[in-house]
file entry_24.tsv (TSV, C-alpha atoms and all ligand atoms)
chain	number	residue	atom	x	y	z
Z	295	MET	CA	0.00	0.00	0.00
Z	296	ASN	CA	1.19	3.49	-0.86
Z	297	THR	CA	0.80	5.81	2.15
Z	298	LYS	CA	-0.10	9.40	1.20
Z	299	LEU	CA	1.41	12.15	3.34
Z	300	TYR	CA	-0.47	15.48	3.51
Z	301	GLN	CA	0.75	18.57	5.37
Z	302	ILE	CA	-2.20	20.32	7.01
Z	303	ASN	CA	-1.89	23.80	8.47
Z	304	GLU	CA	-4.00	23.71	11.61
Z	305	ASN	CA	-4.95	27.37	11.18
Z	306	HIS	CA	-5.82	27.18	7.45
Z	307	ILE	CA	-7.30	23.75	7.03
Z	308	ASP	CA	-7.36	22.45	3.47
Z	309	ALA	CA	-10.97	21.30	3.15
Z	310	VAL	CA	-10.31	19.17	0.06
Z	311	LYS	CA	-7.55	17.13	1.70
Z	312	ILE	CA	-9.57	16.71	4.92
Z	313	LYS	CA	-12.56	15.52	2.88
Z	314	GLU	CA	-10.37	12.95	1.15
Z	315	ALA	CA	-9.09	11.76	4.54
Z	316	GLY	CA	-12.67	11.52	5.82
Z	317	ARG	CA	-13.71	9.50	2.80
Z	318	ILE	CA	-10.94	6.96	3.45
Z	319	ILE	CA	-12.33	6.38	6.95
Z	320	LYS	CA	-15.92	6.06	5.68
Z	321	GLU	CA	-14.72	3.46	3.17
Z	322	GLY	CA	-13.07	1.41	5.91
Z	323	GLY	CA	-9.47	2.61	5.50
Z	324	LEU	CA	-6.99	4.04	8.02
Z	325	VAL	CA	-5.64	7.59	8.41
Z	326	ALA	CA	-3.09	8.78	11.00
Z	327	PHE	CA	-3.85	12.28	12.31
Z	328	PRO	CA	-2.43	14.81	14.75
Z	329	THR	CA	-3.92	15.51	18.16
Z	330	GLU	CA	-2.63	17.77	20.94
Z	331	THR	CA	-1.40	14.70	22.89
Z	332	VAL	CA	0.16	12.33	20.34
Z	333	TYR	CA	-0.62	11.24	16.76
Z	334	GLY	CA	-3.57	8.83	16.44
Z	335	LEU	CA	-4.17	5.96	14.01
Z	336	GLY	CA	-7.79	6.47	12.95
Z	337	GLY	CA	-10.44	4.14	11.58
Z	338	ASP	CA	-14.26	4.14	11.60
Z	339	ALA	CA	-15.22	3.44	15.24
Z	340	LEU	CA	-18.57	1.97	14.20
Z	341	ASN	CA	-17.11	-0.46	11.66
Z	342	PRO	CA	-15.80	-3.71	13.16
Z	343	LEU	CA	-13.54	-4.32	10.18
Z	344	SER	CA	-11.78	-0.98	10.73
Z	345	ALA	CA	-10.94	-1.95	14.30
Z	346	ARG	CA	-9.41	-5.20	13.06
Z	347	LYS	CA	-7.33	-3.28	10.53
Z	348	ILE	CA	-6.06	-0.96	13.27
Z	349	TYR	CA	-4.91	-3.88	15.40
Z	350	GLU	CA	-3.21	-5.41	12.39
Z	351	ALA	CA	-1.42	-2.19	11.39
Z	352	LYS	CA	-0.14	-1.65	14.93
Z	353	GLY	CA	0.69	-5.29	15.58
Z	354	ARG	CA	-1.39	-4.87	18.72
Z	355	PRO	CA	-3.36	-7.52	20.65
Z	356	SER	CA	-7.07	-7.12	19.91
Z	357	ASP	CA	-8.10	-7.23	23.59
Z	358	ASN	CA	-6.71	-3.72	23.94
Z	359	PRO	CA	-9.66	-1.35	23.43
Z	360	LEU	CA	-9.56	1.79	21.28
Z	361	ILE	CA	-10.52	5.37	22.15
Z	362	VAL	CA	-13.46	6.77	20.13
Z	363	HIS	CA	-12.73	10.36	19.09
Z	364	ILE	CA	-15.69	12.70	18.58
Z	365	CYS	CA	-16.05	16.36	17.60
Z	366	ARG	CA	-19.42	17.34	19.19
Z	367	TRP	CA	-20.89	16.67	22.65
Z	368	GLU	CA	-24.26	15.79	21.03
Z	369	ASP	CA	-22.64	12.79	19.34
Z	370	MET	CA	-22.20	11.07	22.74
Z	371	ASP	CA	-25.84	9.94	22.87
Z	372	ALA	CA	-25.44	7.48	20.00
Z	373	ILE	CA	-22.47	5.64	21.50
Z	374	VAL	CA	-23.01	5.92	25.27
Z	375	LEU	CA	-25.66	4.07	27.28
Z	376	TRP	CA	-26.67	6.64	29.88
Z	377	LYS	CA	-29.10	4.39	31.74
Z	378	GLU	CA	-26.75	3.28	34.53
Z	379	LYS	CA	-26.36	5.60	37.49
Z	380	GLN	CA	-29.43	7.35	35.95
Z	381	GLY	CA	-29.09	11.04	35.18
Z	382	SER	CA	-26.00	11.55	37.31
Z	383	LEU	CA	-23.70	9.73	34.92
Z	384	LYS	CA	-24.57	12.06	32.08
Z	385	GLU	CA	-24.34	15.00	34.46
Z	386	GLN	CA	-20.84	13.94	35.53
Z	387	ALA	CA	-19.73	13.46	31.95
Z	388	LYS	CA	-21.18	16.82	30.93
Z	389	LYS	CA	-19.39	18.58	33.76
Z	390	LEU	CA	-16.10	17.07	32.65
Z	391	ALA	CA	-16.80	17.90	29.01
Z	392	ASP	CA	-17.60	21.51	29.91
Z	393	ALA	CA	-14.36	21.79	31.86
Z	394	PHE	CA	-11.90	19.86	29.67
Z	395	TRP	CA	-13.30	19.20	26.17
Z	396	PRO	CA	-12.10	19.66	23.60
Z	397	GLY	CA	-8.88	18.50	25.29
Z	398	PRO	CA	-6.61	15.74	26.61
Z	399	LEU	CA	-9.20	13.81	28.64
Z	400	THR	CA	-10.74	10.41	27.86
Z	401	MET	CA	-13.87	9.20	29.68
Z	402	ILE	CA	-14.83	5.54	30.12
Z	403	LEU	CA	-18.61	5.11	29.89
Z	404	PRO	CA	-21.10	2.25	29.30
Z	405	LYS	CA	-21.35	1.66	25.56
Z	406	SER	CA	-24.44	1.53	23.38
Z	407	GLU	CA	-25.11	-1.26	20.90
Z	408	LYS	CA	-23.92	0.95	18.10
Z	409	VAL	CA	-20.30	0.52	19.16
Z	410	PRO	CA	-18.95	-2.84	17.99
Z	411	LYS	CA	-17.09	-5.04	20.48
Z	412	GLU	CA	-14.14	-5.04	18.11
Z	413	THR	CA	-13.65	-1.35	18.92
Z	414	THR	CA	-13.87	-1.87	22.69
Z	415	GLY	CA	-11.78	-5.05	22.87
Z	416	GLY	CA	-14.86	-7.00	23.93
Z	417	LEU	CA	-15.72	-4.65	26.83
Z	418	ASP	CA	-19.21	-3.23	27.56
Z	419	THR	CA	-17.67	0.18	28.09
Z	420	VAL	CA	-16.35	2.70	25.61
Z	421	ALA	CA	-13.53	5.23	25.90
Z	422	VAL	CA	-14.49	8.64	24.43
Z	423	ARG	CA	-12.39	11.73	23.83
Z	424	MET	CA	-12.88	15.05	22.04
Z	425	PRO	CA	-9.41	16.27	21.05
Z	426	GLU	CA	-8.56	19.95	20.90
Z	427	HIS	CA	-6.40	19.93	17.77
Z	428	LYS	CA	-8.18	21.73	14.91
Z	429	THR	CA	-6.94	19.29	12.27
Z	430	ALA	CA	-8.26	16.40	14.38
Z	431	LEU	CA	-11.68	18.02	14.85
Z	432	ALA	CA	-12.09	18.78	11.13
Z	433	PHE	CA	-10.95	15.27	10.22
Z	434	ILE	CA	-13.33	13.58	12.70
Z	435	GLU	CA	-16.23	15.57	11.30
Z	436	ALA	CA	-15.31	14.69	7.71
Z	437	ALA	CA	-15.01	11.02	8.74
Z	438	GLY	CA	-18.62	10.88	9.99
Z	439	GLY	CA	-18.10	11.81	13.64
Z	440	TYR	CA	-16.66	8.66	15.24
Z	441	VAL	CA	-12.98	7.88	14.78
Z	442	ALA	CA	-11.44	5.01	16.75
Z	443	ALA	CA	-7.78	5.75	17.31
Z	444	PRO	CA	-4.95	4.36	19.36
Z	445	SER	CA	-1.61	6.12	19.29
Z	446	ALA	CA	-0.11	5.76	15.79
Z	447	ASN	CA	2.97	3.75	16.80
Z	448	LEU	CA	3.77	0.09	16.32
Z	449	SER	CA	2.86	-1.78	19.49
Z	450	GLY	CA	5.65	-1.52	22.08
Z	451	LYS	CA	7.21	1.66	20.61
Z	452	PRO	CA	6.91	5.15	22.12
Z	453	SER	CA	3.80	7.04	20.95
Z	454	PRO	CA	4.62	9.35	18.02
Z	455	THR	CA	4.74	13.07	18.74
Z	456	MET	CA	5.72	13.93	15.15
Z	457	ALA	CA	4.50	12.73	11.74
Z	458	LYS	CA	7.96	11.48	10.79
Z	459	TYR	CA	7.73	8.88	13.57
Z	460	VAL	CA	4.26	7.87	12.37
Z	461	ALA	CA	5.73	7.40	8.88
Z	462	GLU	CA	8.59	5.32	10.29
Z	463	ASP	CA	6.12	2.90	11.90
Z	464	MET	CA	3.16	3.03	9.50
Z	465	ASN	CA	4.45	3.62	5.96
Z	466	GLY	CA	2.92	1.01	3.68
Z	467	ARG	CA	0.44	-0.10	6.36
Z	468	ILE	CA	-2.18	2.69	6.15
Z	469	GLU	CA	-3.75	4.88	3.46
Z	470	MET	CA	-2.79	8.35	4.69
Z	471	ILE	CA	-0.90	10.42	7.25
Z	472	LEU	CA	-1.98	13.99	8.09
Z	473	ASP	CA	0.99	16.04	9.29
Z	474	SER	CA	0.40	19.18	11.37
Z	475	GLY	CA	3.77	19.35	13.08
Z	476	ALA	CA	4.76	18.37	16.62
Z	477	ALA	CA	2.08	17.41	19.15
Z	478	CYS	CA	2.13	20.10	21.79
Z	479	ILE	CA	1.49	18.01	24.93
Z	480	GLY	CA	3.47	14.92	23.98
Z	481	LEU	CA	1.91	12.40	26.41
Z	482	GLU	CA	-1.37	10.53	25.92
Z	483	SER	CA	-4.65	11.79	27.41
Z	484	THR	CA	-5.70	11.29	31.02
Z	485	ILE	CA	-8.23	8.42	31.23
Z	486	VAL	CA	-11.00	8.64	33.83
Z	487	ASP	CA	-13.44	5.79	34.40
Z	488	LEU	CA	-16.94	7.04	35.23
Z	489	THR	CA	-18.55	3.60	35.39
Z	490	GLU	CA	-17.44	2.95	38.99
Z	491	GLU	CA	-19.09	4.36	42.13
Z	492	LYS	CA	-16.32	6.95	42.33
Z	493	PRO	CA	-14.49	8.22	39.27
Z	494	VAL	CA	-11.09	6.49	38.89
Z	495	ILE	CA	-8.04	7.66	36.94
Z	496	LEU	CA	-6.81	4.74	34.85
Z	497	ARG	CA	-4.00	6.62	33.10
Z	498	PRO	CA	-2.46	9.88	34.34
Z	499	GLY	CA	-1.94	12.73	31.87
Z	500	TYR	CA	-2.01	16.49	31.39
Z	501	ILE	CA	-5.38	16.75	33.19
Z	502	THR	CA	-4.32	15.97	36.75
Z	503	LYS	CA	-6.21	14.41	39.64
Z	504	GLU	CA	-6.42	17.82	41.32
Z	505	MET	CA	-8.04	19.32	38.21
Z	506	LEU	CA	-10.58	16.48	38.06
Z	507	GLN	CA	-11.33	16.77	41.77
Z	508	LYS	CA	-12.22	20.42	41.36
Z	509	VAL	CA	-14.99	19.40	38.96
Z	510	LEU	CA	-16.13	16.03	40.35
Z	511	GLY	CA	-15.27	16.08	44.05
Z	512	GLU	CA	-13.79	12.74	45.02
Z	513	VAL	CA	-11.58	11.03	42.42
Z	514	GLU	CA	-9.46	7.93	42.91
Z	515	THR	CA	-6.36	6.67	41.15
Z	516	ASP	CA	-5.96	3.11	39.89
Z	517	VAL	CA	-3.44	1.52	42.27
Z	518	THR	CA	-1.46	-0.02	39.44
Z	519	ILE	CA	-0.49	3.30	37.88
Z	520	LEU	CA	2.80	3.98	39.62
Z	521	SER	CA	3.82	0.53	40.71
Z	522	LEU	CA	3.83	-2.96	39.31
Z	523	ASP	CA	3.93	-4.48	42.78
Z	524	SER	CA	0.25	-3.95	43.57
Z	525	GLY	CA	-0.49	-7.52	42.48
Z	526	GLN	CA	-3.55	-6.28	40.57
Z	527	ALA	CA	-4.20	-5.99	36.85
Z	528	PRO	CA	-4.66	-2.42	35.61
Z	529	LYS	CA	-8.23	-1.66	34.54
Z	530	ALA	CA	-7.18	0.00	31.28
Z	531	PRO	CA	-6.06	-3.14	29.46
Z	532	GLY	CA	-3.41	-1.22	27.52
Z	533	MET	CA	-1.61	-0.22	30.71
Z	534	LYS	CA	-0.45	-3.80	31.30
Z	535	TYR	CA	1.74	-3.97	28.21
Z	536	ARG	CA	5.39	-2.97	28.15
Z	537	HIS	CA	4.70	0.24	26.27
Z	538	TYR	CA	6.77	3.22	25.27
Z	539	ALA	CA	9.90	1.13	25.30
Z	540	PRO	CA	13.15	2.14	23.61
Z	541	LYS	CA	15.29	-0.64	22.10
Z	542	GLY	CA	18.11	0.06	24.54
Z	543	GLU	CA	18.06	-1.02	28.18
Z	544	LEU	CA	16.67	1.87	30.23
Z	545	THR	CA	17.28	2.30	33.96
Z	546	ILE	CA	15.88	5.13	36.10
Z	547	VAL	CA	18.12	6.36	38.91
Z	548	SER	CA	16.43	8.06	41.83
Z	549	GLY	CA	18.08	9.96	44.66
Z	550	GLU	CA	19.93	13.13	45.51
Z	551	SER	CA	21.12	14.88	42.31
Z	552	GLU	CA	24.89	14.72	42.84
Z	553	LYS	CA	24.80	11.08	43.90
Z	554	VAL	CA	22.61	10.19	40.93
Z	555	CYS	CA	25.10	11.85	38.60
Z	556	GLY	CA	28.07	10.05	40.19
Z	557	TYR	CA	26.31	6.70	40.07
Z	558	ILE	CA	25.22	7.09	36.45
Z	559	ASN	CA	28.71	8.14	35.34
Z	560	ARG	CA	30.25	5.07	37.01
Z	561	GLN	CA	27.71	2.81	35.28
Z	562	LEU	CA	28.35	4.56	31.96
Z	563	GLY	CA	32.09	4.00	32.38
Z	564	MET	CA	31.56	0.28	32.83
Z	565	ALA	CA	29.20	0.06	29.87
Z	566	SER	CA	31.72	1.89	27.68
Z	567	LEU	CA	34.46	-0.56	28.68
Z	568	GLU	CA	32.18	-3.31	27.42
Z	569	GLY	CA	31.94	-1.45	24.11
Z	570	LYS	CA	28.29	-0.47	24.61
Z	571	LYS	CA	26.83	2.74	23.19
Z	572	THR	CA	25.48	4.80	26.09
Z	573	GLY	CA	22.86	7.49	26.63
Z	574	VAL	CA	21.47	9.65	29.44
Z	575	ILE	CA	18.14	11.42	29.92
Z	576	ALA	CA	19.08	14.48	31.94
Z	577	THR	CA	17.77	18.00	32.57
Z	578	GLU	CA	19.03	21.43	31.51
Z	579	GLU	CA	20.55	21.79	34.97
Z	580	THR	CA	22.52	18.53	34.85
Z	581	CYS	CA	23.15	17.59	31.22
Z	582	ARG	CA	26.72	18.90	31.17
Z	583	ASN	CA	27.70	16.64	34.08
Z	584	TYR	CA	27.40	13.34	32.24
Z	585	ALA	CA	29.90	11.48	30.08
Z	586	ALA	CA	27.88	9.36	27.64
Z	587	ASP	CA	27.77	8.93	23.86
Z	588	ALA	CA	24.41	10.74	23.82
Z	589	VAL	CA	23.29	13.05	26.65
Z	590	LYS	CA	19.80	14.45	26.07
Z	591	SER	CA	18.12	17.18	28.05
Z	592	VAL	CA	14.34	16.88	28.49
Z	593	GLY	CA	14.13	20.48	29.65
Z	594	GLU	CA	14.38	22.32	32.95
Z	595	ARG	CA	13.51	20.18	35.95
Z	596	GLU	CA	10.63	22.46	37.00
Z	597	ASP	CA	9.19	22.65	33.47
Z	598	GLU	CA	6.86	19.65	33.39
Z	599	ALA	CA	5.32	20.68	30.07
Z	600	ALA	CA	8.73	20.65	28.39
Z	601	ILE	CA	9.65	17.29	29.93
Z	602	ALA	CA	6.35	15.74	28.79
Z	603	GLY	CA	6.77	17.25	25.34
Z	604	ASN	CA	10.30	15.94	24.82
Z	605	LEU	CA	10.27	12.50	26.44
Z	606	TYR	CA	8.95	10.30	23.60
Z	607	ARG	CA	11.02	12.09	20.97
Z	608	ILE	CA	14.15	11.43	23.03
Z	609	LEU	CA	13.29	7.76	23.49
Z	610	ARG	CA	12.89	7.46	19.72
Z	611	GLU	CA	16.18	9.28	19.08
Z	612	PHE	CA	18.01	6.74	21.23
Z	613	ASP	CA	16.54	4.05	18.97
Z	614	ASP	CA	17.66	5.90	15.82
Z	615	GLU	CA	21.16	6.26	17.26
Z	616	ASN	CA	21.29	2.60	18.35
Z	617	VAL	CA	22.02	3.48	21.97
Z	618	GLU	CA	22.20	0.25	23.98
Z	619	ILE	CA	22.43	1.37	27.61
Z	620	ILE	CA	20.32	4.33	28.81
Z	621	TYR	CA	20.13	5.95	32.24
Z	622	SER	CA	17.50	8.49	33.21
Z	623	GLU	CA	17.15	10.79	36.16
Z	624	ALA	CA	13.86	10.40	38.05
Z	625	PHE	CA	11.24	13.19	38.16
Z	626	ASP	CA	8.85	14.49	40.81
Z	627	THR	CA	5.44	12.89	40.77
Z	628	GLY	CA	3.25	15.88	41.63
Z	629	GLY	CA	0.80	17.27	39.05
Z	630	MET	CA	1.73	16.19	35.55
Z	631	GLY	CA	4.91	14.64	36.94
Z	632	GLN	CA	2.84	11.58	37.73
Z	633	ALA	CA	2.11	11.06	34.03
Z	634	ILE	CA	5.77	11.61	33.17
Z	635	MET	CA	7.02	9.07	35.73
Z	636	ASN	CA	4.26	6.61	34.78
Z	637	ARG	CA	5.45	6.59	31.13
Z	638	LEU	CA	9.14	6.57	32.07
Z	639	LEU	CA	8.62	3.63	34.45
Z	640	LYS	CA	6.87	1.70	31.69
Z	641	ALA	CA	9.64	2.50	29.23
Z	642	ALA	CA	12.13	1.18	31.78
Z	643	GLY	CA	10.08	-1.94	32.53
Z	644	HIS	CA	9.96	-0.51	36.10
Z	645	HIS	CA	13.72	-0.85	36.50
Z	646	VAL	CA	14.66	1.78	39.10
Z	647	GLU	CA	17.85	2.11	41.16
Z	648	TYR	CA	17.34	4.02	44.43
Z	649	ILE	CA	20.59	5.48	45.73
Z	701	LIG	O1	-4.09	10.91	23.89
Z	701	LIG	C1	-4.61	9.84	23.59
Z	701	LIG	O2	-5.46	9.29	24.31
Z	701	LIG	C2	-4.17	9.18	22.26
Z	701	LIG	C3	-4.65	10.08	21.13
Z	701	LIG	C4	-4.43	9.47	19.78
Z	701	LIG	O3	-5.99	10.44	21.32
Z	701	LIG	N1	-4.69	7.85	22.15
Z	701	LIG	C5	-4.22	6.80	22.87
Z	701	LIG	O4	-4.78	5.58	22.55
Z	701	LIG	O5	-3.37	6.91	23.71
Z	701	LIG	P1	-4.16	4.20	23.00
Z	701	LIG	O6	-4.95	3.16	22.29
Z	701	LIG	O7	-2.70	4.19	22.76
Z	701	LIG	O8	-4.48	4.09	24.52
Z	701	LIG	C6	-5.81	3.86	24.93
Z	701	LIG	C7	-5.83	3.36	26.34
Z	701	LIG	C8	-5.36	1.94	26.48
Z	701	LIG	O9	-4.56	1.82	27.65
Z	701	LIG	C9	-6.67	1.17	26.64
Z	701	LIG	O10	-6.51	-0.02	27.34
Z	701	LIG	C10	-7.53	2.17	27.37
Z	701	LIG	O11	-7.20	3.39	26.77
Z	701	LIG	N2	-8.97	1.94	27.15
Z	701	LIG	C11	-9.66	2.09	26.00
Z	701	LIG	N3	-10.95	1.75	26.16
Z	701	LIG	C12	-11.09	1.36	27.45
Z	701	LIG	C13	-12.19	0.88	28.23
Z	701	LIG	N4	-13.39	0.73	27.71
Z	701	LIG	N5	-11.95	0.59	29.52
Z	701	LIG	C14	-10.71	0.76	30.06
Z	701	LIG	N6	-9.64	1.20	29.36
Z	701	LIG	C15	-9.83	1.50	28.08
Z	702	MG	MG	-0.69	3.79	22.79

call {"tool": "encode", "arguments": {"input": "entry_24.tsv", "output": "structure tokens", "more": "lines below"}}
Ligand code: TXA
Ligand code: MG
result
Amino acid sequence: MNTKLYQINENHIDAVKIKEAGRIIKEGGLVAFPTETVYGLGGDALNPLSARKIYEAKGRPSDNPLIVHICRWEDMDAIVLWKEKQGSLKEQAKKLADAFWPGPLTMILPKSEKVPKETTGGLDTVAVRMPEHKTALAFIEAAGGYVAAPSANLSGKPSPTMAKYVAEDMNGRIEMILDSGAACIGLESTIVDLTEEKPVILRPGYITKEMLQKVLGEVETDVTILSLDSGQAPKAPGMKYRHYAPKGELTIVSGESEKVCGYINRQLGMASLEGKKTGVIATEETCRNYAADAVKSVGEREDEAAIAGNLYRILREFDDENVEIIYSEAFDTGGMGQAIMNRLLKAAGHHVEYI
């Protein structure tokens, strides 16, 4: 298959190209598109065959449900079964939508019959998100209103924050890629499950627990998010896979800054003696203190937005440069730091040295 690549200026959307992209989805094909979090791999959410194609293109297990992307609140009624929890469920969802949509928040809700089980990985619930990116919104509308989309990476690779990474993974596998430049947030959306008694965060992201609590009152966090030792399976099936992983062996080192630096440099020295290519994920404040083949700064330590925005790109760069041994500093877990550490821990297979 020949994959078409279209540049779309988010502020001057080319209606003809977007219409063509929408038609591909309506005809059962796949189009990768930009969102403010990461690039998505879109197919018709109401067509079971499209879901199968998505799993095939990603090389992803089909028990891992997809997020349905919409562009209008009114479109929820067709795909969500509001009957449970009576009116309050819809009220809760509406409150969240008013506060955070369009934006980086995904809600888990009971699904209607219209949504095929192929899209939801066999679950009775559906994940719904209205992205903020203008290209995404125009594309979803042109596609008929319901676009199922996981992140547009091959399974096990870091989510793509730029179209060139989508092309690397998906060229020849899908009909089209829409390129609107770098994703501005860089980490996937926050997922909140509204089907439980109390809302539960299944995946941390840009919308933090504190922000959700302001709107909903009590909000819980799935215990499996920051540790693998809880002995429980995560409720978002995708969270159990070793995601976001670079090819090299990644270890996080946590502790007081100077000690971390000393420890990492000693480890790097040993790896170099073994002839291994080495890399470090550091911050603006510390990046000059390391001796590795590739030292990459994710941004200033206090600048969570920069760290989130750079992390996946850096993991991919280590792959491109064939770095074999990677060390990363640890980050604070307040606010969006929780999402950052959650992704970093997964990339490292939860391998952390505390010193
Ligand atoms: O920011 C994002 O959410 C991006 C962009 C493209 O919108 N999408 C994304 O999709 O990250 P994906 O497929 O990579 O991650 C979806 C996550 C998975 O962990 C999946 O298990 C979970 O959402 N999920 C989907 N439907 C669910 C459901 N009904 N119940 C629980 N978890 C669900
Ligand atoms: Mg993903």

call {"tool": "residues_around", "arguments": {"input": "entry_24.tsv", "residues": "segment 358-367 of chain Z", "least_positions_apart": "5", "cutoff": "6 Å", "atoms": "only C-alpha atoms", "output": "ChimeraX atom specification"}}
result
/Z:413-415,421-424,431,439-444,531-532

call {"tool": "atom_distance", "arguments": {"input": "entry_24.tsv", "atom1": "atom CA of Leu472 of chain Z", "atom2": "atom CA of Trp395 of chain Z"}}
result
22.0 Å

call {"tool": "residues_around", "arguments": {"input": "entry_24.tsv", "residues": "Gln301 of chain Z", "least_positions_apart": "2", "cutoff": "9 Å", "atoms": "all atoms listed in the file", "output": "ChimeraX atom specification"}}
result
/Z:299,303,471-475

call {"tool": "atom_distance", "arguments": {"input": "entry_24.tsv", "atom1": "atom CA of Arg346 of chain Z", "atom2": "atom CA of Met295 of chain Z"}}
result
16.9 Å

call {"tool": "closest_residue", "arguments": {"input": "entry_24.tsv", "among": "Z:Lys313, Z:Lys503, Z:Arg354, Z:Lys428", "to": "ligand MG 702 (chain Z)", "atoms": "all atoms listed in the file"}}
result
Z:Arg354

call {"tool": "residues_around", "arguments": {"input": "entry_24.tsv", "residues": "Thr455 of chain Z", "least_positions_apart": "2", "cutoff": "10 Å", "atoms": "only C-alpha atoms", "output": "number ranges by chain"}}
result
Z: 328-334, 445-447, 452-453, 457-460, 475-482, 603-607, 610

call {"tool": "decode", "arguments": {"input": "entry_24.tsv", "residues": "segment 340-353 of chain Z", "atoms": "N, CA, C and O atoms", "output": "PDB file, in the first residue's frame"}}
result
ATOM      1  N   LEU Z 340     -17.330   2.751  14.233  1.00  0.00           N
ATOM      2  CA  LEU Z 340     -18.569   1.970  14.196  1.00  0.00           C
ATOM      3  C   LEU Z 340     -18.477   0.802  13.212  1.00  0.00           C
ATOM      4  O   LEU Z 340     -19.454   0.082  13.002  1.00  0.00           O
ATOM      5  N   ASN Z 341     -17.310   0.619  12.624  1.00  0.00           N
ATOM      6  CA  ASN Z 341     -17.106  -0.458  11.657  1.00  0.00           C
ATOM      7  C   ASN Z 341     -16.138  -1.501  12.239  1.00  0.00           C
ATOM      8  O   ASN Z 341     -14.954  -1.217  12.421  1.00  0.00           O
ATOM      9  N   PRO Z 342     -16.654  -2.706  12.532  1.00  0.00           N
ATOM     10  CA  PRO Z 342     -15.796  -3.712  13.165  1.00  0.00           C
ATOM     11  C   PRO Z 342     -14.558  -4.063  12.335  1.00  0.00           C
ATOM     12  O   PRO Z 342     -13.503  -4.349  12.901  1.00  0.00           O
ATOM     13  N   LEU Z 343     -14.686  -3.979  11.026  1.00  0.00           N
ATOM     14  CA  LEU Z 343     -13.535  -4.316  10.176  1.00  0.00           C
ATOM     15  C   LEU Z 343     -12.413  -3.294  10.332  1.00  0.00           C
ATOM     16  O   LEU Z 343     -11.231  -3.620  10.270  1.00  0.00           O
ATOM     17  N   SER Z 344     -12.798  -2.022  10.559  1.00  0.00           N
ATOM     18  CA  SER Z 344     -11.775  -0.979  10.730  1.00  0.00           C
ATOM     19  C   SER Z 344     -10.962  -1.239  11.994  1.00  0.00           C
ATOM     20  O   SER Z 344      -9.740  -1.060  12.010  1.00  0.00           O
ATOM     21  N   ALA Z 345     -11.648  -1.651  13.060  1.00  0.00           N
ATOM     22  CA  ALA Z 345     -10.938  -1.946  14.303  1.00  0.00           C
ATOM     23  C   ALA Z 345      -9.924  -3.064  14.060  1.00  0.00           C
ATOM     24  O   ALA Z 345      -8.767  -2.977  14.492  1.00  0.00           O
ATOM     25  N   ARG Z 346     -10.336  -4.099  13.340  1.00  0.00           N
ATOM     26  CA  ARG Z 346      -9.405  -5.199  13.056  1.00  0.00           C
ATOM     27  C   ARG Z 346      -8.190  -4.709  12.292  1.00  0.00           C
ATOM     28  O   ARG Z 346      -7.064  -5.110  12.564  1.00  0.00           O
ATOM     29  N   LYS Z 347      -8.450  -3.809  11.331  1.00  0.00           N
ATOM     30  CA  LYS Z 347      -7.329  -3.278  10.530  1.00  0.00           C
ATOM     31  C   LYS Z 347      -6.357  -2.491  11.414  1.00  0.00           C
ATOM     32  O   LYS Z 347      -5.155  -2.534  11.221  1.00  0.00           O
ATOM     33  N   ILE Z 348      -6.922  -1.745  12.368  1.00  0.00           N
ATOM     34  CA  ILE Z 348      -6.057  -0.959  13.270  1.00  0.00           C
ATOM     35  C   ILE Z 348      -5.139  -1.894  14.066  1.00  0.00           C
ATOM     36  O   ILE Z 348      -3.936  -1.682  14.153  1.00  0.00           O
ATOM     37  N   TYR Z 349      -5.725  -2.945  14.619  1.00  0.00           N
ATOM     38  CA  TYR Z 349      -4.908  -3.884  15.403  1.00  0.00           C
ATOM     39  C   TYR Z 349      -3.807  -4.483  14.547  1.00  0.00           C
ATOM     40  O   TYR Z 349      -2.661  -4.646  14.984  1.00  0.00           O
ATOM     41  N   GLU Z 350      -4.180  -4.796  13.290  1.00  0.00           N
ATOM     42  CA  GLU Z 350      -3.209  -5.409  12.394  1.00  0.00           C
ATOM     43  C   GLU Z 350      -2.067  -4.432  12.071  1.00  0.00           C
ATOM     44  O   GLU Z 350      -0.900  -4.798  12.116  1.00  0.00           O
ATOM     45  N   ALA Z 351      -2.443  -3.188  11.758  1.00  0.00           N
ATOM     46  CA  ALA Z 351      -1.421  -2.194  11.386  1.00  0.00           C
ATOM     47  C   ALA Z 351      -0.465  -1.922  12.539  1.00  0.00           C
ATOM     48  O   ALA Z 351       0.736  -1.731  12.354  1.00  0.00           O
ATOM     49  N   LYS Z 352      -0.980  -1.925  13.764  1.00  0.00           N
ATOM     50  CA  LYS Z 352      -0.144  -1.651  14.933  1.00  0.00           C
ATOM     51  C   LYS Z 352       0.610  -2.870  15.425  1.00  0.00           C
ATOM     52  O   LYS Z 352       1.564  -2.752  16.182  1.00  0.00           O
ATOM     53  N   GLY Z 353       0.134  -4.066  15.024  1.00  0.00           N
ATOM     54  CA  GLY Z 353       0.691  -5.289  15.578  1.00  0.00           C
ATOM     55  C   GLY Z 353       0.308  -5.379  17.051  1.00  0.00           C
ATOM     56  O   GLY Z 353       1.107  -5.741  17.899  1.00  0.00           O
TER      57      GLY Z 353
END
